[in-house]
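Student: Provided herewith is a single structure, encoded as C-alpha cells, for subsequent inquiry.
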Amino acid sequence: MAVPGALRRQPSNRGLVSHCTHHHVVVFLLTFFSYSLLHASRKAFSNVKVSISSQWTPFPQNSTAPELQPYELWNSSHLFQNAEEATLFLGTLDTIFLFSYAVGLFVSGIVGDRLNLRWVLSFGMCSSALVVFSFGTLTEWLHFYNKWFYCCLWVVNGLLQSTGWPCVVAVMGNWFGKAGRGFVFGLWSACASVGNILGAFLASCVLKYGYEYAFLVTASVQFAGGVIVFFGLLTSPKEVGLPELGADEDEASVEEDANRPLMGSDDVDDDDQNYSIQATDNDNQPEAIGFFQACCLPGVVLYSLAYACLKLVNYSFFFWLPFYLSSNFGWKEAEADQLSIWYDVGGIIGGTIQGLISDVLQKRAPVLALSLLFAVGSLFGYSRSPNSKPINAVIMTITGFFIGGPSNMISSAISADLGRQDLVKGSSEALATVTGIVDGTGSIGAAVGQYLVSLIQNLGWMWVFYFFILM
C-alpha cells in the first residue's frame, strides 16, 4: 500500500538533520557570505549613483566641486553637461555590467563543471575586488575620469563576478540533497539580499567621506572573503571522507522517494536518487554535460525565459531604488540607501517561506505563479506610495516578498532541480552549467531592462512601474 506523501516527507526531514555535520554548516556559511560580498560590491555602486552623478557634472550642478578640488581641475575633467546625461550613462553602465555578467555566466557554468570550484570562486572574488577598487576609488583619487575606461572596467567586473553564482550553487548541491531543498535553498538564497543590505549599510556609513570610500570598503571586504574561501571551502563531502549524496544504501525506501528530484519523473529506479554533482573521485567521475544538452533538458528554457522577465524587475529595484527614492521624494541619499534595505528584507522572508511551502506541496510552479500574481498588485500599490518613510518601507517589504522570493527560488532551488533531473544521471556534472544558463538568460533580460528604465524614467516613474507590471 502506498504511503501518503505527507508521511513520506517526515523521514526525509529527519534524514536531513541526521546527516548534517559541522562541515555542512561551514559550507553553508562560506558559500552564503561569499556571494553576499559579491552582491555588496554591486550594491555600493547603485547606492552612490547620486554622488557619482554630482561628481561627473560640472559646476554649478555640482555644488561640492569647489570643496573637493580646484575649479580649473574640475572643469577640465567633468564627463557630462548635466545630470540627465550622467543618469543615462549610469544606466548604460548597469546594462554593460549585466550583459558581460550574462555572457560570463554561460561560460563560468561550463568552467565550474570542469575545474575546481574553490579556485574559480576565490579567483573571481579577489579579481573582482581589485576591479571595483580601481573603478570607484583609484580613479577618484587620481582624478581620472574617462567614460571608455569606466566601461572597460565594468565589462571585466561583470565577467569576474559571474563566477560566483554557478560555483556556490554547485557546491551547495554537492552537500545538500533533495530533502528539504526548497527550505534550505530558500534560506540560503537570501545571500544576495543580505549582500544588498550589507552593501547599503557600508555605503551609507562612509558616504559622508566621499563615494570612493564606499567602493574601497566593499572591495577590501570582498578580497578578504576570497582569501578565506580559497583556504576554507570544501567543494564536496568526499574531501573530508564523508559519503557522497546517495552513497548510503541503507536508507529506507520512504526516504529514497523523498530524495528524488522534483523535476524528475516518478517511474525511475530506486537507487541513486541523490548523486553528486561534482564528484572528486577521478576514476568514477562522469563527463560534464554539454551546453546544448543542458539547454535541451526539460524546463530549462522555459524557466530561463521566465527568470529573464523576473530578474529585469528585481534588478531594476536593486540598481535604481535608492536613486528613485532620492529623486522622487527628495530624501537624502544616505536615508534612501538605508530605506532600500526593506526590499531585500522582504526578499529574504519571501524566498524562505515560499521555499518551505513548495517543499510541503512538492511543487514549485504554483507557488511561483501565485506569488507573481500578488506582485502585480504590490507594484501598483508601491507606485502610489505617499511621501512617508514608514508607509513606503512597509509596501516596499511586501513588494520584495512577492518579487524577490520567486527570484530566489528560480535561481537556487529550481536550478538545482533542473540540474539534477533523471536525464543527467549518467552525466552528473550539470548543475553549474544549468545554473549558468538560467541565471545568464535572466541577466540578459535584466541588462536590457536597465537601459530601458533609464529611458522610460524620463517620461515619469509611473511609466517605469507599468513596465515592471508588464514584465
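FYI, nothing fancy with the C-alpha cells labels: chains A, B, ... in order, residues from 1 per chain, ligands from 1 as they appear.
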Which residues are near stretch 89-101 of chain A? Cut-off 8 Å, only C-alpha atoms, ignore same chain within fewer than 2 positions. Put them as a PyMOL selection string.

Tutor: chain A and resi 49+85-87+103-105+151+154-162+319+440+443-444+446-451+453-454

Student: Stretch 339-347 of chain A: which residues within 8 Å, counting only C-alpha atoms, same-chain residues fewer than 2 positions away excluded, as an MDAnalysis selection string?

Tutor: chainID A and resid 190 193:194 196:197 200 321:322 335:337 349:351 389 393:394 396:405 408

Student: May I have the selected residues written with N, CA and C atoms, as a PDB file, in the first residue's frame?

Tutor:
ATOM      1  N   ALA A 190      18.952  33.771   0.379  1.00  0.00           N
ATOM      2  CA  ALA A 190      18.890  35.124   0.940  1.00  0.00           C
ATOM      3  C   ALA A 190      20.260  35.796   0.928  1.00  0.00           C
ATOM      4  N   SER A 193      20.251  39.066  -0.947  1.00  0.00           N
ATOM      5  CA  SER A 193      19.590  40.148  -0.215  1.00  0.00           C
ATOM      6  C   SER A 193      20.427  40.610   0.971  1.00  0.00           C
ATOM      7  N   VAL A 194      21.060  39.668   1.671  1.00  0.00           N
ATOM      8  CA  VAL A 194      21.954  40.049   2.772  1.00  0.00           C
ATOM      9  C   VAL A 194      23.122  40.871   2.239  1.00  0.00           C
ATOM     10  N   ASN A 196      23.007  42.803  -0.376  1.00  0.00           N
ATOM     11  CA  ASN A 196      22.472  44.135  -0.667  1.00  0.00           C
ATOM     12  C   ASN A 196      22.376  44.983   0.599  1.00  0.00           C
ATOM     13  N   ILE A 197      21.904  44.345   1.677  1.00  0.00           N
ATOM     14  CA  ILE A 197      21.799  45.069   2.951  1.00  0.00           C
ATOM     15  C   ILE A 197      23.179  45.469   3.445  1.00  0.00           C
ATOM     16  N   ALA A 200      24.509  48.312   1.270  1.00  0.00           N
ATOM     17  CA  ALA A 200      23.838  49.575   1.585  1.00  0.00           C
ATOM     18  C   ALA A 200      24.309  50.133   2.917  1.00  0.00           C
ATOM     19  N   LEU A 321      16.466  51.693  -6.990  1.00  0.00           N
ATOM     20  CA  LEU A 321      15.593  52.062  -5.867  1.00  0.00           C
ATOM     21  C   LEU A 321      16.129  53.247  -5.064  1.00  0.00           C
ATOM     22  N   PRO A 322      17.406  53.252  -4.634  1.00  0.00           N
ATOM     23  CA  PRO A 322      17.891  54.433  -3.901  1.00  0.00           C
ATOM     24  C   PRO A 322      17.799  55.721  -4.733  1.00  0.00           C
ATOM     25  N   GLU A 335      19.772  58.328   3.570  1.00  0.00           N
ATOM     26  CA  GLU A 335      18.484  57.857   4.062  1.00  0.00           C
ATOM     27  C   GLU A 335      17.824  56.901   3.068  1.00  0.00           C
ATOM     28  N   ALA A 336      17.933  57.238   1.773  1.00  0.00           N
ATOM     29  CA  ALA A 336      17.377  56.366   0.738  1.00  0.00           C
ATOM     30  C   ALA A 336      18.094  55.019   0.712  1.00  0.00           C
ATOM     31  N   ASP A 337      19.410  55.027   0.918  1.00  0.00           N
ATOM     32  CA  ASP A 337      20.175  53.778   0.961  1.00  0.00           C
ATOM     33  C   ASP A 337      19.682  52.876   2.086  1.00  0.00           C
ATOM     34  N   ILE A 349      12.536  36.984   3.462  1.00  0.00           N
ATOM     35  CA  ILE A 349      11.380  36.304   4.054  1.00  0.00           C
ATOM     36  C   ILE A 349      10.614  35.542   2.977  1.00  0.00           C
ATOM     37  N   GLY A 350      10.429  36.173   1.816  1.00  0.00           N
ATOM     38  CA  GLY A 350       9.674  35.538   0.741  1.00  0.00           C
ATOM     39  C   GLY A 350      10.330  34.277   0.228  1.00  0.00           C
ATOM     40  N   GLY A 351      11.643  34.307  -0.007  1.00  0.00           N
ATOM     41  CA  GLY A 351      12.330  33.128  -0.510  1.00  0.00           C
ATOM     42  C   GLY A 351      12.269  31.964   0.460  1.00  0.00           C
ATOM     43  N   LYS A 389       8.051  57.703   4.956  1.00  0.00           N
ATOM     44  CA  LYS A 389       9.051  56.642   5.022  1.00  0.00           C
ATOM     45  C   LYS A 389       8.503  55.356   5.642  1.00  0.00           C
ATOM     46  N   ALA A 393       8.286  51.945   3.473  1.00  0.00           N
ATOM     47  CA  ALA A 393       9.055  50.776   3.886  1.00  0.00           C
ATOM     48  C   ALA A 393       8.172  49.529   3.956  1.00  0.00           C
ATOM     49  N   VAL A 394       6.937  49.676   4.446  1.00  0.00           N
ATOM     50  CA  VAL A 394       6.028  48.529   4.549  1.00  0.00           C
ATOM     51  C   VAL A 394       5.666  47.996   3.166  1.00  0.00           C
ATOM     52  N   MET A 396       7.267  48.493   0.414  1.00  0.00           N
ATOM     53  CA  MET A 396       8.491  48.012  -0.207  1.00  0.00           C
ATOM     54  C   MET A 396       8.808  46.580   0.238  1.00  0.00           C
ATOM     55  N   THR A 397       8.606  46.302   1.525  1.00  0.00           N
ATOM     56  CA  THR A 397       8.850  44.956   2.039  1.00  0.00           C
ATOM     57  C   THR A 397       7.905  43.944   1.410  1.00  0.00           C
ATOM     58  N   ILE A 398       6.634  44.317   1.285  1.00  0.00           N
ATOM     59  CA  ILE A 398       5.650  43.421   0.650  1.00  0.00           C
ATOM     60  C   ILE A 398       6.027  43.167  -0.807  1.00  0.00           C
ATOM     61  N   THR A 399       6.454  44.217  -1.502  1.00  0.00           N
ATOM     62  CA  THR A 399       6.871  44.056  -2.895  1.00  0.00           C
ATOM     63  C   THR A 399       8.077  43.137  -3.002  1.00  0.00           C
ATOM     64  N   GLY A 400       9.044  43.296  -2.110  1.00  0.00           N
ATOM     65  CA  GLY A 400      10.205  42.417  -2.105  1.00  0.00           C
ATOM     66  C   GLY A 400       9.831  40.973  -1.815  1.00  0.00           C
ATOM     67  N   PHE A 401       8.826  40.766  -0.963  1.00  0.00           N
ATOM     68  CA  PHE A 401       8.366  39.412  -0.631  1.00  0.00           C
ATOM     69  C   PHE A 401       7.864  38.688  -1.879  1.00  0.00           C
ATOM     70  N   PHE A 402       7.073  39.377  -2.704  1.00  0.00           N
ATOM     71  CA  PHE A 402       6.440  38.725  -3.847  1.00  0.00           C
ATOM     72  C   PHE A 402       7.288  38.755  -5.115  1.00  0.00           C
ATOM     73  N   ILE A 403       8.346  39.572  -5.146  1.00  0.00           N
ATOM     74  CA  ILE A 403       9.244  39.592  -6.308  1.00  0.00           C
ATOM     75  C   ILE A 403      10.568  38.906  -5.987  1.00  0.00           C
ATOM     76  N   GLY A 404      11.180  39.277  -4.870  1.00  0.00           N
ATOM     77  CA  GLY A 404      12.457  38.682  -4.502  1.00  0.00           C
ATOM     78  C   GLY A 404      12.338  37.213  -4.142  1.00  0.00           C
ATOM     79  N   GLY A 405      11.203  36.803  -3.551  1.00  0.00           N
ATOM     80  CA  GLY A 405      11.007  35.405  -3.190  1.00  0.00           C
ATOM     81  C   GLY A 405      11.060  34.471  -4.389  1.00  0.00           C
ATOM     82  N   ASN A 408      14.570  34.321  -5.946  1.00  0.00           N
ATOM     83  CA  ASN A 408      15.497  33.459  -5.207  1.00  0.00           C
ATOM     84  C   ASN A 408      15.223  31.981  -5.473  1.00  0.00           C
TER      85      ASN A 408
END

Student: So that I can see what lies close to stretch 206-212 of chain A, please list as a PyMOL selection string the residues with an atom at most 10 Å from it, counting only C-alpha atoms and leaving out residues fewer than 6 positions away in the same chain.

Tutor: chain A and resi 44-45+47-52+55+68+133-141+333-334

Student: A:Phe318, A:Phe223, A:Trp463, A:Trp331: which is nearest A:Gly199, counting only C-alpha atoms?

Tutor: A:Phe318

Student: Return the single residue from A:Trp320, A:Phe106, A:Phe467, A:Trp165 that is closest to A:Ser36, with distances computed using only C-alpha atoms.

Tutor: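 Checking each candidate against A:Ser36, we get A:Trp165 as the closest.
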
Student: Of the candidates A:Leu117, A:Leu37, A:Leu297, A:Ile437, which shows the shortest atom-to-atom distance to A:Gly226, using only C-alpha atoms?

Tutor: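 Checking each candidate against A:Gly226, we get A:Leu37 as the closest.
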
Student: Between atom CA of A:Phe231 and atom CA of A:Ser41, what distance in Å does the model show, to one decimal?

Tutor: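 Separation between atom CA of A:Phe231 and atom CA of A:Ser41: 21.7 Å.
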
Student: So, with only C-alpha atoms as the atoms that count, which of A:Cys296, A:Ala308, A:Ile469, A:Val301 lies closest to A:Phe380?

Tutor: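 Ranking A:Cys296, A:Ala308, A:Ile469, A:Val301 by distance to A:Phe380, first place goes to A:Ile469.
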